[in-house]
$ cat model.txt   # compact mmCIF, C-alpha atoms
# COMPACT_ATOMS: atom_id res chain seq x y z
CA MET A 1 -3.82 -30.59 -5.05
CA PRO A 2 -0.61 -29.01 -6.39
CA GLN A 3 -1.55 -25.83 -4.53
CA LEU A 4 -0.48 -27.45 -1.28
CA ASP A 5 3.07 -28.03 -2.50
CA THR A 6 4.91 -25.49 -0.40
CA SER A 7 8.09 -25.39 -2.49
CA THR A 8 6.69 -22.69 -4.79
CA TRP A 9 4.95 -20.66 -2.11
CA SER A 10 7.76 -18.21 -1.46
CA ILE A 11 8.22 -17.16 -5.10
CA THR A 12 4.45 -16.86 -5.57
CA ILE A 13 4.02 -14.76 -2.45
CA MET A 14 7.03 -12.58 -3.25
CA SER A 15 5.81 -11.82 -6.75
CA MET A 16 2.28 -11.18 -5.47
CA ILE A 17 3.59 -8.71 -2.90
CA MET A 18 5.65 -6.89 -5.50
CA THR A 19 2.72 -6.70 -7.92
CA LEU A 20 -0.13 -5.88 -5.56
CA PHE A 21 1.59 -3.71 -3.00
CA ILE A 22 4.04 -1.88 -5.24
CA VAL A 23 3.23 -1.95 -8.96
CA PHE A 24 -0.55 -1.72 -8.73
CA GLN A 25 -0.58 0.90 -6.02
CA LEU A 26 1.96 3.06 -7.86
CA LYS A 27 -0.09 2.83 -11.04
CA ILE A 28 -3.48 3.51 -9.50
CA SER A 29 -2.19 6.33 -7.34
CA LYS A 30 -1.39 8.19 -10.57
CA TYR A 31 -5.01 8.17 -11.72
CA LEU A 32 -6.50 11.63 -12.01
CA TYR A 33 -10.05 12.49 -11.08
CA PRO A 34 -10.87 15.98 -12.35
CA SER A 35 -13.95 17.39 -10.69
CA ASN A 36 -16.88 18.46 -12.81
CA PRO A 37 -16.77 21.99 -14.21
CA GLU A 38 -18.74 24.48 -12.20
CA PRO A 39 -19.24 28.25 -12.60
CA LYS A 40 -16.93 30.41 -10.57
CA SER A 41 -18.38 32.99 -8.24
CA MET A 42 -18.90 36.30 -10.02
CA THR A 43 -17.91 38.50 -7.11
CA THR A 44 -14.33 39.48 -7.78
CA LEU A 45 -11.96 40.34 -5.03
CA LYS A 46 -11.36 44.05 -4.71
CA GLN A 47 -7.74 44.75 -5.53
CA ARG A 48 -6.20 47.19 -3.13
CA ASN A 49 -3.93 49.91 -4.38
CA PRO A 50 -0.32 49.65 -3.32
CA TRP A 51 -0.57 52.72 -1.10
CA GLU A 52 -3.55 51.23 0.70
CA LYS A 53 -1.70 48.13 1.79
CA LYS A 54 0.40 50.00 4.32
CA TRP A 55 0.61 53.42 5.74
CA THR A 56 2.93 55.75 3.90
CA LYS A 57 3.62 59.39 4.02
CA ILE A 58 2.45 59.85 0.45
CA TYR A 59 -1.01 58.67 1.31
CA SER A 60 -3.19 60.48 -1.18
CA PRO A 61 -6.07 62.30 0.53
CA LEU A 62 -8.20 61.84 -2.58
CA SER A 63 -8.07 58.05 -2.33
CA LEU A 64 -9.32 58.10 1.24
CA PRO A 65 -12.88 56.91 1.74
CA GLN A 66 -15.38 59.71 1.85
CA GLN A 67 -16.29 60.76 5.36
CA MET B 1 -6.17 -39.01 -14.86
CA ASN B 2 -6.21 -37.60 -11.37
CA GLU B 3 -2.87 -35.96 -12.06
CA ASN B 4 -4.18 -34.51 -15.33
CA LEU B 5 -7.12 -32.78 -13.69
CA PHE B 6 -4.97 -30.69 -11.41
CA ALA B 7 -2.11 -30.23 -13.87
CA SER B 8 -3.22 -26.71 -14.76
CA PHE B 9 -2.84 -25.60 -11.16
CA THR B 10 0.84 -26.40 -10.77
CA THR B 11 3.10 -23.37 -10.78
CA PRO B 12 4.50 -23.21 -14.30
CA THR B 13 8.20 -23.34 -14.97
CA MET B 14 10.08 -22.69 -18.17
CA MET B 15 13.42 -24.47 -18.53
CA GLY B 16 13.43 -25.03 -14.79
CA LEU B 17 12.90 -21.35 -14.01
CA PRO B 18 9.71 -20.23 -12.32
CA ILE B 19 7.83 -17.88 -14.63
CA VAL B 20 5.07 -17.30 -12.11
CA ILE B 21 6.53 -13.88 -11.34
CA LEU B 22 5.95 -12.77 -14.94
CA ILE B 23 2.44 -14.20 -14.92
CA ILE B 24 1.51 -12.43 -11.70
CA MET B 25 3.03 -9.17 -12.91
CA PHE B 26 1.26 -9.35 -16.27
CA PRO B 27 -2.12 -7.78 -15.33
CA SER B 28 -0.35 -4.56 -14.33
CA ILE B 29 0.43 -3.97 -18.02
CA LEU B 30 -3.30 -3.64 -18.65
CA PHE B 31 -3.51 -0.63 -16.34
CA PRO B 32 -1.39 2.07 -17.95
CA SER B 33 -0.79 5.09 -15.76
CA PRO B 34 -1.98 8.17 -17.62
CA ASN B 35 0.55 10.88 -18.36
CA ARG B 36 -1.53 13.11 -20.60
CA LEU B 37 -4.22 15.67 -19.99
CA ILE B 38 -6.74 13.83 -22.17
CA ASN B 39 -6.84 10.06 -21.65
CA ASN B 40 -7.67 7.44 -24.22
CA ARG B 41 -10.80 5.31 -24.03
CA LEU B 42 -9.23 2.44 -22.06
CA VAL B 43 -7.83 4.65 -19.31
CA SER B 44 -11.03 6.70 -19.14
CA LEU B 45 -13.09 3.56 -18.77
CA GLN B 46 -10.78 2.17 -16.09
CA GLN B 47 -10.77 5.40 -14.15
CA TRP B 48 -14.54 5.64 -14.38
CA LEU B 49 -14.85 2.07 -13.09
CA VAL B 50 -12.41 2.68 -10.25
CA GLN B 51 -14.23 5.83 -9.26
CA LEU B 52 -17.61 4.08 -9.35
CA THR B 53 -16.34 1.14 -7.28
CA SER B 54 -14.53 3.25 -4.76
CA LYS B 55 -17.53 5.52 -4.25
CA GLN B 56 -19.73 2.50 -3.69
CA MET B 57 -17.30 0.68 -1.43
CA LEU B 58 -15.96 3.52 0.67
CA ALA B 59 -19.30 5.19 1.41
CA ILE B 60 -19.71 3.18 4.62
CA HIS B 61 -16.28 4.14 5.95
CA ASN B 62 -15.35 7.07 8.12
CA HIS B 63 -12.46 9.32 7.23
CA LYS B 64 -9.90 6.97 8.75
CA GLY B 65 -11.23 3.97 6.88
CA GLN B 66 -11.18 5.87 3.61
CA THR B 67 -7.40 6.10 3.77
CA TRP B 68 -7.45 2.46 2.62
CA ALA B 69 -9.03 3.46 -0.69
CA LEU B 70 -5.89 2.90 -2.76
CA MET B 71 -5.25 -0.48 -1.15
CA LEU B 72 -8.80 -1.72 -1.68
CA MET B 73 -9.00 -0.48 -5.25
CA SER B 74 -5.69 -2.05 -6.25
CA LEU B 75 -6.81 -5.26 -4.55
CA ILE B 76 -10.07 -5.51 -6.50
CA LEU B 77 -8.36 -4.61 -9.79
CA PHE B 78 -5.57 -7.13 -9.19
CA ILE B 79 -7.85 -10.03 -8.28
CA GLY B 80 -10.41 -9.16 -10.95
CA SER B 81 -7.90 -8.85 -13.78
CA THR B 82 -6.03 -11.99 -12.66
CA ASN B 83 -9.27 -13.98 -12.55
CA LEU B 84 -10.41 -12.74 -15.95
CA LEU B 85 -7.03 -13.41 -17.59
CA GLY B 86 -7.07 -16.87 -16.05
CA LEU B 87 -10.17 -17.71 -18.07
CA LEU B 88 -8.13 -17.57 -21.27
CA PRO B 89 -7.49 -21.10 -22.55
CA HIS B 90 -4.13 -22.66 -21.63
CA SER B 91 -3.37 -19.93 -19.15
CA PHE B 92 -2.28 -20.23 -15.54
CA THR B 93 -4.44 -18.51 -12.92
CA PRO B 94 -2.43 -17.23 -9.95
CA THR B 95 -5.61 -16.85 -7.86
CA THR B 96 -5.94 -20.65 -7.76
CA GLN B 97 -2.80 -20.68 -5.62
CA LEU B 98 -3.67 -20.92 -1.95
CA SER B 99 -0.28 -19.39 -1.10
CA MET B 100 -1.00 -16.20 -3.01
CA ASN B 101 -4.46 -15.80 -1.53
CA LEU B 102 -3.18 -16.39 1.97
CA GLY B 103 -0.43 -13.91 1.25
CA MET B 104 -3.06 -11.34 0.33
CA ALA B 105 -5.58 -12.17 3.05
CA ILE B 106 -3.35 -12.42 6.12
CA PRO B 107 -1.55 -9.04 5.88
CA LEU B 108 -4.74 -7.15 5.03
CA TRP B 109 -6.72 -8.82 7.83
CA ALA B 110 -3.84 -8.29 10.26
CA GLY B 111 -3.67 -4.65 9.21
CA THR B 112 -7.33 -4.09 10.02
CA VAL B 113 -7.14 -5.94 13.34
CA ILE B 114 -3.97 -4.15 14.45
CA THR B 115 -5.53 -0.82 13.48
CA GLY B 116 -8.53 -1.73 15.61
CA PHE B 117 -6.49 -2.72 18.64
CA ARG B 118 -4.26 0.31 18.28
CA HIS B 119 -6.94 2.99 17.99
CA LYS B 120 -10.12 1.42 19.35
CA THR B 121 -8.88 -1.05 21.95
CA LYS B 122 -12.08 -1.23 23.98
CA ALA B 123 -14.39 -1.64 20.99
CA SER B 124 -12.10 -4.30 19.49
CA LEU B 125 -12.01 -6.26 22.72
CA ALA B 126 -15.79 -5.94 22.97
CA HIS B 127 -16.09 -7.93 19.74
CA PHE B 128 -14.94 -10.98 21.70
CA LEU B 129 -18.23 -11.13 23.63
CA PRO B 130 -21.70 -10.49 22.22
CA GLN B 131 -23.94 -8.34 24.36
CA GLY B 132 -26.34 -10.12 26.70
CA THR B 133 -24.44 -13.42 26.97
CA PRO B 134 -25.43 -15.57 29.97
CA VAL B 135 -22.62 -15.62 32.53
CA PRO B 136 -21.88 -19.40 32.42
CA LEU B 137 -21.34 -19.19 28.65
CA ILE B 138 -18.85 -16.32 28.81
CA PRO B 139 -15.54 -18.29 28.87
CA MET B 140 -16.60 -20.56 26.06
CA LEU B 141 -17.91 -17.72 23.90
CA VAL B 142 -14.70 -15.74 24.26
CA VAL B 143 -12.74 -18.76 23.02
CA ILE B 144 -15.15 -19.25 20.11
CA GLU B 145 -15.05 -15.59 19.12
CA THR B 146 -11.25 -15.61 19.27
CA ILE B 147 -11.12 -18.65 17.00
CA SER B 148 -13.61 -17.06 14.61
CA LEU B 149 -11.45 -13.93 14.47
CA PHE B 150 -8.36 -15.92 13.57
CA ILE B 151 -10.20 -18.08 11.03
CA GLN B 152 -11.29 -15.00 9.05
CA PRO B 153 -8.19 -14.70 6.82
CA MET B 154 -8.17 -18.46 6.20
CA ALA B 155 -11.81 -18.34 5.11
CA LEU B 156 -11.06 -15.36 2.89
CA ALA B 157 -8.18 -17.12 1.12
CA VAL B 158 -9.83 -20.53 0.88
CA ARG B 159 -13.04 -18.99 -0.51
CA LEU B 160 -11.22 -17.38 -3.42
CA THR B 161 -9.04 -20.44 -4.09
CA ALA B 162 -11.94 -22.90 -3.94
CA ASN B 163 -14.24 -20.86 -6.15
CA ILE B 164 -11.71 -20.29 -8.90
CA THR B 165 -10.32 -23.85 -8.74
CA ALA B 166 -13.78 -25.41 -8.80
CA GLY B 167 -14.83 -23.31 -11.78
CA HIS B 168 -11.74 -24.22 -13.76
CA LEU B 169 -12.10 -27.92 -12.90
CA LEU B 170 -15.75 -27.93 -13.95
CA MET B 171 -14.98 -26.25 -17.26
CA HIS B 172 -12.14 -28.73 -17.82
CA LEU B 173 -14.43 -31.71 -17.11
CA ILE B 174 -17.38 -30.53 -19.19
CA GLY B 175 -15.08 -29.53 -22.03
CA GLY B 176 -13.53 -33.00 -22.00
CA ALA B 177 -16.98 -34.58 -21.90
CA ALA B 178 -18.19 -32.50 -24.86
CA LEU B 179 -15.13 -33.53 -26.86
CA ALA B 180 -15.54 -37.22 -26.01
CA LEU B 181 -19.25 -37.17 -26.81
CA MET B 182 -18.61 -35.80 -30.31
CA ASN B 183 -17.83 -39.32 -31.58
CA ILE B 184 -20.75 -40.95 -29.80
CA SER B 185 -23.71 -38.66 -30.22
CA THR B 186 -23.53 -35.23 -31.83
CA SER B 187 -26.80 -33.97 -30.35
CA ILE B 188 -25.78 -34.73 -26.77
CA ALA B 189 -22.39 -33.22 -27.49
CA LEU B 190 -24.13 -30.04 -28.63
CA ILE B 191 -26.16 -29.92 -25.42
CA THR B 192 -22.98 -30.40 -23.40
CA PHE B 193 -21.32 -27.68 -25.40
CA THR B 194 -24.22 -25.32 -24.66
CA ILE B 195 -23.83 -26.10 -20.97
CA LEU B 196 -20.11 -25.39 -21.32
CA ILE B 197 -20.83 -21.99 -22.88
CA LEU B 198 -23.30 -21.12 -20.12
CA LEU B 199 -20.80 -22.27 -17.49
CA THR B 200 -18.10 -20.11 -19.08
CA ILE B 201 -20.40 -17.08 -18.86
CA LEU B 202 -21.01 -17.97 -15.21
CA GLU B 203 -17.26 -18.21 -14.64
CA PHE B 204 -16.75 -14.72 -16.04
CA ALA B 205 -19.32 -13.48 -13.54
CA VAL B 206 -17.72 -15.49 -10.73
CA ALA B 207 -14.30 -14.03 -11.57
CA LEU B 208 -15.60 -10.52 -10.95
CA ILE B 209 -17.88 -11.45 -8.06
CA GLN B 210 -15.07 -13.19 -6.17
CA ALA B 211 -12.81 -10.17 -6.60
CA TYR B 212 -15.61 -8.00 -5.26
CA VAL B 213 -16.35 -10.36 -2.36
CA PHE B 214 -12.71 -10.54 -1.28
CA THR B 215 -12.39 -6.76 -1.30
CA LEU B 216 -15.77 -6.25 0.34
CA LEU B 217 -14.86 -8.58 3.20
CA VAL B 218 -11.54 -6.81 3.77
CA SER B 219 -13.51 -3.58 3.70
CA LEU B 220 -15.97 -4.93 6.27
CA TYR B 221 -13.16 -6.04 8.59
CA LEU B 222 -11.77 -2.54 8.22
CA HIS B 223 -15.16 -1.04 8.98
CA ASP B 224 -15.41 -3.11 12.18
CA ASN B 225 -12.03 -1.81 13.28
CA THR B 226 -12.11 1.89 12.45

$ encode --input "model.txt" --output "structure tokens"
Amino acid sequence: MPQLDTSTWSITIMSMIMTLFIVFQLKISKYLYPSNPEPKSMTTLKQRNPWEKKWTKIYSPLSLPQQ
Amino acid sequence: MNENLFASFTTPTMMGLPIVILIIMFPSILFPSPNRLINNRLVSLQQWLVQLTSKQMLAIHNHKGQTWALMLMSLILFIGSTNLLGLLPHSFTPTTQLSMNLGMAIPLWAGTVITGFRHKTKASLAHFLPQGTPVPLIPMLVVIETISLFIQPMALAVRLTANITAGHLLMHLIGGAALALMNISTSIALITFTILILLTILEFAVALIQAYVFTLLVSLYLHDNT
């Protein structure tokens, strides 16, 4: 059994560690898994006018909600 | 003759330099990392396979166990591609080396066990004694369970080594027999050759199955410890 000859063990183990733990993991970590396309929700966010975001003195009375 | 049989398992050298590092690194060339938006067929197929395998293998794990996904997937791809490339004629198979398999099995097993003792100390210690053991048997069973824990990585490495080595030896022997029988009786040589073809198909299956088994067992040790 030439496998039991321990003189080559260190080089084999070193190259295995470099391949498995570094090269393979770096390569596979770059794989991309795009999710399947799905329809977006149709309800759009209501954009607020700039003067609605904060209180200002030029607050237009016409843009106030009806009371 | 005895030396000839095992000659293909000696670590190859070229002009006195070990080229095993190139041989072990070679399978990584077959897995190009994609850098485009649309992949080619090879990369798409590989990514589909990795996704399929990881979904199947990581379904049993909790969130903590699933952090090992990259490790397990690179392990199965590395062992699988090394085994398959080793079936090429006149090639050296690194997975027949006990050293490499021990080098893979011991750190991964130790990682799972240390994770278990670090985060689930009580549950890990409870593995040392099955529930409902009669009191007089307790000391002996703890010793046996401890031994069985420490034999796990050895079994993992020896299983892979023995399976791949035995397959290669059998193919070598039957191939030699088929060649020798050619001069004696062509019909028997043809039968032997058919057996050789069937055995080669079996070896292709074994190459993938052993990669799967190795990864599955590491995954099970991880499942016990997370």

$ interface_residues --input "model.txt" --of "chain B" --to "chain A" --cutoff "6 Å" --atoms "only C-alpha atoms" --output "number ranges by chain"
B: 10, 21, 25, 33, 74, 97-100, 103

$ residues_around --input "model.txt" --residues "Leu52 in chain B" --least-positions-apart "6" --cutoff "12 Å" --atoms "all atoms listed in the file" --output "short mmCIF file (atom, residue, chain, number, x, y, z; two decimals) with C-alpha atoms, in the coordinates of the input"
data_model
loop_
_atom_site.label_atom_id
_atom_site.label_comp_id
_atom_site.auth_asym_id
_atom_site.auth_seq_id
_atom_site.Cartn_x
_atom_site.Cartn_y
_atom_site.Cartn_z
CA TYR A 33 -10.05 12.49 -11.08
CA LEU B 45 -13.09 3.56 -18.77
CA GLN B 46 -10.78 2.17 -16.09
CA LEU B 58 -15.96 3.52 0.67
CA ALA B 59 -19.30 5.19 1.41
CA MET B 73 -9.00 -0.48 -5.25
#

$ atom_distance --input "model.txt" --atom1 "CA of Leu202 in chain B" --atom2 "CA of Ala105 in chain B"
24.6 Å

$ atom_distance --input "model.txt" --atom1 "CA of Thr67 in chain B" --atom2 "CA of Thr95 in chain B"
25.8 Å

$ closest_residue --input "model.txt" --among "B:Ser44, B:Met15, B:Lys64, B:Val158" --to "Lys120 in chain B" --atoms "all atoms listed in the file"
B:Lys64
